[in-house]
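File shown: data38.txt (compact mmCIF, C-alpha atoms).
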# COMPACT_ATOMS: atom_id res chain seq x y z
CA MET D 3 -1.53 9.66 -11.34
CA THR D 4 -4.74 7.66 -11.34
CA TYR D 5 -4.41 3.96 -10.51
CA GLN D 6 -6.71 1.20 -11.73
CA LEU D 7 -8.30 -1.25 -9.30
CA PHE D 8 -6.14 -4.28 -8.50
CA THR D 9 -2.93 -2.48 -9.45
CA ARG D 10 0.02 -3.50 -7.27
CA VAL D 11 1.80 -0.50 -5.78
CA ALA D 12 4.43 0.19 -3.11
CA LEU D 13 4.19 2.39 -0.05
CA LYS D 14 6.22 5.60 -0.34
CA GLU D 15 6.53 6.04 3.42
CA ASP D 16 6.60 4.08 6.64
CA LEU D 17 3.27 3.57 8.45
CA PRO D 18 4.61 2.56 11.88
CA ALA D 19 1.20 2.46 13.57
CA ARG D 20 0.28 -0.36 11.14
CA GLY D 21 3.70 -2.08 11.18
CA LEU D 22 4.23 -1.23 7.50
CA GLN D 23 7.36 0.12 5.86
CA ARG D 24 8.26 2.08 2.78
CA GLY D 25 8.45 -0.32 -0.15
CA ASP D 26 5.86 -2.77 1.19
CA VAL D 27 3.74 -3.96 -1.73
CA ALA D 28 -0.04 -3.55 -1.71
CA THR D 29 -2.99 -4.05 -4.06
CA ILE D 30 -5.47 -1.26 -4.73
CA VAL D 31 -8.95 -2.53 -3.92
CA GLU D 32 -10.95 0.71 -3.98
CA ALA D 33 -10.55 4.30 -5.20
CA HIS D 34 -11.84 7.24 -3.15
CA THR D 35 -12.69 10.48 -4.88
CA GLY D 36 -13.80 13.45 -2.92
CA LYS D 37 -14.10 17.17 -3.23
CA ALA D 38 -12.01 18.86 -5.90
CA GLU D 39 -9.60 20.36 -3.35
CA LEU D 40 -8.88 17.00 -1.70
CA GLU D 41 -6.26 14.51 -2.81
CA GLN D 42 -7.51 11.22 -4.28
CA GLY D 43 -7.27 8.24 -1.96
CA TYR D 44 -7.17 4.47 -2.23
CA SER D 45 -7.95 1.47 -0.08
CA LEU D 46 -5.09 -1.01 -0.12
CA GLU D 47 -4.90 -4.66 0.76
CA ILE D 48 -1.56 -5.73 2.22
CA SER D 49 -0.77 -9.44 2.12
CA ASN D 50 1.94 -11.57 3.65
CA ALA D 51 4.39 -13.64 1.58
CA ILE D 52 1.87 -16.46 1.12
CA GLY D 53 -1.03 -14.23 0.06
CA GLU D 54 -3.00 -13.93 3.32
CA THR D 55 -4.47 -10.49 3.98
CA ILE D 56 -2.78 -8.82 6.94
CA ALA D 57 -4.17 -5.29 6.60
CA VAL D 58 -6.67 -3.19 4.67
CA LEU D 59 -6.20 0.55 4.96
CA ALA D 60 -6.94 3.82 3.21
CA VAL D 61 -4.09 6.06 2.07
CA ARG D 62 -3.63 9.25 0.10
CA GLU D 63 -2.37 8.95 -3.47
CA SER D 64 0.87 10.68 -2.45
CA GLN D 65 1.61 7.78 -0.07
CA ILE D 66 1.92 5.18 -2.85
CA GLU D 67 3.98 4.72 -5.98
CA PRO D 68 3.93 2.38 -8.95
CA ARG D 69 6.22 -0.61 -9.01
CA ALA D 70 9.01 -0.61 -11.57
CA PRO D 71 10.64 -3.40 -13.59
CA ASP D 72 14.07 -2.67 -12.08
CA GLU D 73 12.87 -3.33 -8.51
CA VAL D 74 13.40 -6.50 -6.49
CA LEU D 75 10.90 -7.64 -3.84
CA HIS D 76 12.24 -8.37 -0.37
CA VAL D 77 10.83 -10.53 2.44
CA ARG D 78 10.84 -9.37 6.07
CA ARG D 79 9.19 -10.62 9.25
CA LEU D 80 6.18 -8.81 10.63
CA ASP D 81 6.18 -7.40 14.12
CA GLU D 82 2.93 -9.10 15.16
CA LEU D 83 2.39 -6.65 18.01
CA LEU D 84 1.71 -3.84 15.53
CA LEU D 85 -0.91 -5.57 13.41
Rewritten as structure tokens:
Amino acid sequence: MTYQLFTRVALKEDLPARGLQRGDVATIVEAHTGKAELEQGYSLEISNAIGETIAVLAVRESQIEPRAPDEVLHVRRLDELLL
């Protein structure tokens, strides 16, 4: 699936080194295309509950998924030591 810039997506897996968890919501801010045999990638901006950027990172397309209308967002506290 190809995502448009500024699409809001969710992480499909935990990223413990960044303090991020599956289901955390992110915004696509850049698309990365490479060689034909490589998976497409994206740069994501992760924000806290009040909209402040807490992380910008690159992920593979297989690490994100679209949000769905039957999903409910959830708030959790960040472990500040990981960010």
Report task. With a distance cut-off of 6 Å and all atoms listed in the file, select the neighbouring residues of stretch 18-35 of chain D, excluding the residue or stretch itself and same-chain residues fewer than 6 positions from it, and output the selection as number ranges by chain. Result -> D: 7-12, 42-48, 84-85
Taking C-alpha atoms for each residue, export the selection above as a tab-separated table (two decimals), keeping the file's coordinate frame.
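Output below, filename out_33.tsv:
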chain	number	residue	atom	x	y	z
D	7	LEU	CA	-8.30	-1.25	-9.30
D	8	PHE	CA	-6.14	-4.28	-8.50
D	9	THR	CA	-2.93	-2.48	-9.45
D	10	ARG	CA	0.02	-3.50	-7.27
D	11	VAL	CA	1.80	-0.50	-5.78
D	12	ALA	CA	4.43	0.19	-3.11
D	42	GLN	CA	-7.51	11.22	-4.28
D	43	GLY	CA	-7.27	8.24	-1.96
D	44	TYR	CA	-7.17	4.47	-2.23
D	45	SER	CA	-7.95	1.47	-0.08
D	46	LEU	CA	-5.09	-1.01	-0.12
D	47	GLU	CA	-4.90	-4.66	0.76
D	48	ILE	CA	-1.56	-5.73	2.22
D	84	LEU	CA	1.71	-3.84	15.53
D	85	LEU	CA	-0.91	-5.57	13.41
Query raised in the report: Expressed in Å to a single decimal, how great is the separation between atom CA of D:Leu75 and atom CA of D:Tyr5?
Result: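 So the two atoms, atom CA of D:Leu75 and atom CA of D:Tyr5, lie 20.3 Å apart.
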Query - Atom pair atom CA of D:Ala70 / atom CA of D:Glu41: separation (Å) - result: 23.2 Å
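Across the structure, atom CA of D:Asn50 and atom CA of D:Glu15 are spaced 18.2 Å apart.
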Would you give the centre and edge lengths, in Å to one decimal, of a box along x, y and z around the listed atoms of stretch 51-60 of chain D, with 5 Å added to each side, as lines of an AutoDock Vina configuration file?
center_x = -1.3
center_y = -6.3
center_z = 3.5
size_x = 21.3
size_y = 30.3
size_z = 16.9
Report task. Find, counting only C-alpha atoms, the residue in D:Met3, D:Lys37, D:Ser49, D:Lys14 that gets nearest to D:Leu80. Result ->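 The closest residue to D:Leu80 is D:Ser49.
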Report task. Measuring atom to atom with all atoms listed in the file, identify which of D:Leu13, D:Val74, D:Ala38, D:Gln6 is nearest to D:Arg62. Result ->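 Nearest candidate to D:Arg62 out of D:Leu13, D:Val74, D:Ala38, D:Gln6: D:Leu13.
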Since the input lacks atoms, please generate all heavy atoms for stretch 60-71 of chain D and provide them as a PDB file, keeping the file's coordinate frame.
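Below you can see part-v4.pdb, which holds the result:
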ATOM      1  N   ALA D  60      -6.775   2.741   4.179  1.00  0.00           N
ATOM      2  CA  ALA D  60      -6.940   3.820   3.210  1.00  0.00           C
ATOM      3  C   ALA D  60      -5.726   4.740   3.298  1.00  0.00           C
ATOM      4  O   ALA D  60      -5.236   5.036   4.395  1.00  0.00           O
ATOM      5  CB  ALA D  60      -8.215   4.599   3.491  1.00  0.00           C
ATOM      6  N   VAL D  61      -5.246   5.163   2.137  1.00  0.00           N
ATOM      7  CA  VAL D  61      -4.090   6.060   2.070  1.00  0.00           C
ATOM      8  C   VAL D  61      -4.368   7.143   1.037  1.00  0.00           C
ATOM      9  O   VAL D  61      -5.240   7.015   0.186  1.00  0.00           O
ATOM     10  CB  VAL D  61      -2.802   5.301   1.683  1.00  0.00           C
ATOM     11  CG1 VAL D  61      -2.426   4.266   2.726  1.00  0.00           C
ATOM     12  CG2 VAL D  61      -2.910   4.671   0.305  1.00  0.00           C
ATOM     13  N   ARG D  62      -3.594   8.208   1.119  1.00  0.00           N
ATOM     14  CA  ARG D  62      -3.630   9.250   0.100  1.00  0.00           C
ATOM     15  C   ARG D  62      -2.795   8.807  -1.109  1.00  0.00           C
ATOM     16  O   ARG D  62      -1.855   8.019  -0.963  1.00  0.00           O
ATOM     17  CB  ARG D  62      -3.064  10.564   0.659  1.00  0.00           C
ATOM     18  CG  ARG D  62      -3.892  11.141   1.789  1.00  0.00           C
ATOM     19  CD  ARG D  62      -3.297  12.454   2.293  1.00  0.00           C
ATOM     20  NE  ARG D  62      -1.861  12.421   2.528  1.00  0.00           N
ATOM     21  CZ  ARG D  62      -1.284  11.976   3.646  1.00  0.00           C
ATOM     22  NH1 ARG D  62      -2.019  11.520   4.636  1.00  0.00           N
ATOM     23  NH2 ARG D  62       0.031  12.000   3.764  1.00  0.00           N
ATOM     24  N   GLU D  63      -3.119   9.303  -2.270  1.00  0.00           N
ATOM     25  CA  GLU D  63      -2.370   8.950  -3.470  1.00  0.00           C
ATOM     26  C   GLU D  63      -0.882   9.250  -3.328  1.00  0.00           C
ATOM     27  O   GLU D  63      -0.037   8.509  -3.835  1.00  0.00           O
ATOM     28  CB  GLU D  63      -2.950   9.682  -4.682  1.00  0.00           C
ATOM     29  CG  GLU D  63      -2.328   9.250  -5.986  1.00  0.00           C
ATOM     30  CD  GLU D  63      -3.030   9.872  -7.160  1.00  0.00           C
ATOM     31  OE1 GLU D  63      -3.015  11.109  -7.266  1.00  0.00           O
ATOM     32  OE2 GLU D  63      -3.611   9.115  -7.956  1.00  0.00           O
ATOM     33  N   SER D  64      -0.537  10.303  -2.623  1.00  0.00           N
ATOM     34  CA  SER D  64       0.870  10.680  -2.450  1.00  0.00           C
ATOM     35  C   SER D  64       1.640   9.689  -1.569  1.00  0.00           C
ATOM     36  O   SER D  64       2.866   9.768  -1.475  1.00  0.00           O
ATOM     37  CB  SER D  64       0.975  12.088  -1.860  1.00  0.00           C
ATOM     38  OG  SER D  64       0.362  12.135  -0.588  1.00  0.00           O
ATOM     39  N   GLN D  65       0.953   8.755  -0.933  1.00  0.00           N
ATOM     40  CA  GLN D  65       1.610   7.780  -0.070  1.00  0.00           C
ATOM     41  C   GLN D  65       1.950   6.478  -0.789  1.00  0.00           C
ATOM     42  O   GLN D  65       2.520   5.571  -0.189  1.00  0.00           O
ATOM     43  CB  GLN D  65       0.718   7.453   1.140  1.00  0.00           C
ATOM     44  CG  GLN D  65       0.556   8.625   2.089  1.00  0.00           C
ATOM     45  CD  GLN D  65      -0.371   8.278   3.234  1.00  0.00           C
ATOM     46  OE1 GLN D  65      -1.574   8.140   3.053  1.00  0.00           O
ATOM     47  NE2 GLN D  65       0.214   8.112   4.401  1.00  0.00           N
ATOM     48  N   ILE D  66       1.621   6.390  -2.087  1.00  0.00           N
ATOM     49  CA  ILE D  66       1.920   5.180  -2.850  1.00  0.00           C
ATOM     50  C   ILE D  66       2.635   5.539  -4.131  1.00  0.00           C
ATOM     51  O   ILE D  66       2.596   6.682  -4.588  1.00  0.00           O
ATOM     52  CB  ILE D  66       0.643   4.359  -3.159  1.00  0.00           C
ATOM     53  CG1 ILE D  66      -0.377   5.192  -3.932  1.00  0.00           C
ATOM     54  CG2 ILE D  66       0.050   3.783  -1.879  1.00  0.00           C
ATOM     55  CD1 ILE D  66      -1.613   4.435  -4.384  1.00  0.00           C
ATOM     56  N   GLU D  67       3.297   4.527  -4.711  1.00  0.00           N
ATOM     57  CA  GLU D  67       3.980   4.720  -5.980  1.00  0.00           C
ATOM     58  C   GLU D  67       3.896   3.443  -6.799  1.00  0.00           C
ATOM     59  O   GLU D  67       3.748   2.353  -6.239  1.00  0.00           O
ATOM     60  CB  GLU D  67       5.432   5.129  -5.769  1.00  0.00           C
ATOM     61  CG  GLU D  67       6.247   4.113  -5.001  1.00  0.00           C
ATOM     62  CD  GLU D  67       7.617   4.647  -4.614  1.00  0.00           C
ATOM     63  OE1 GLU D  67       7.982   5.756  -5.034  1.00  0.00           O
ATOM     64  OE2 GLU D  67       8.322   3.947  -3.882  1.00  0.00           O
ATOM     65  N   PRO D  68       3.984   3.584  -8.119  1.00  0.00           N
ATOM     66  CA  PRO D  68       3.930   2.380  -8.950  1.00  0.00           C
ATOM     67  C   PRO D  68       5.184   1.543  -8.760  1.00  0.00           C
ATOM     68  O   PRO D  68       6.235   2.060  -8.386  1.00  0.00           O
ATOM     69  CB  PRO D  68       3.848   2.933 -10.381  1.00  0.00           C
ATOM     70  CG  PRO D  68       4.393   4.312 -10.291  1.00  0.00           C
ATOM     71  CD  PRO D  68       4.126   4.802  -8.905  1.00  0.00           C
ATOM     72  N   ARG D  69       5.049   0.254  -9.015  1.00  0.00           N
ATOM     73  CA  ARG D  69       6.220  -0.610  -9.010  1.00  0.00           C
ATOM     74  C   ARG D  69       6.921  -0.472 -10.345  1.00  0.00           C
ATOM     75  O   ARG D  69       6.308  -0.127 -11.356  1.00  0.00           O
ATOM     76  CB  ARG D  69       5.796  -2.053  -8.757  1.00  0.00           C
ATOM     77  CG  ARG D  69       5.300  -2.226  -7.322  1.00  0.00           C
ATOM     78  CD  ARG D  69       4.762  -3.586  -6.994  1.00  0.00           C
ATOM     79  NE  ARG D  69       5.366  -4.663  -7.767  1.00  0.00           N
ATOM     80  CZ  ARG D  69       4.733  -5.765  -8.097  1.00  0.00           C
ATOM     81  NH1 ARG D  69       3.496  -5.952  -7.736  1.00  0.00           N
ATOM     82  NH2 ARG D  69       5.337  -6.698  -8.792  1.00  0.00           N
ATOM     83  N   ALA D  70       8.219  -0.762 -10.353  1.00  0.00           N
ATOM     84  CA  ALA D  70       9.010  -0.610 -11.570  1.00  0.00           C
ATOM     85  C   ALA D  70       9.719  -1.915 -11.911  1.00  0.00           C
ATOM     86  O   ALA D  70      10.004  -2.723 -11.025  1.00  0.00           O
ATOM     87  CB  ALA D  70      10.037   0.510 -11.377  1.00  0.00           C
ATOM     88  N   PRO D  71      10.021  -2.140 -13.185  1.00  0.00           N
ATOM     89  CA  PRO D  71      10.640  -3.400 -13.590  1.00  0.00           C
ATOM     90  C   PRO D  71      12.062  -3.587 -13.062  1.00  0.00           C
ATOM     91  O   PRO D  71      12.566  -4.708 -13.045  1.00  0.00           O
ATOM     92  CB  PRO D  71      10.629  -3.338 -15.121  1.00  0.00           C
ATOM     93  CG  PRO D  71      10.410  -1.924 -15.471  1.00  0.00           C
ATOM     94  CD  PRO D  71       9.711  -1.280 -14.317  1.00  0.00           C
TER      95      PRO D  71
END
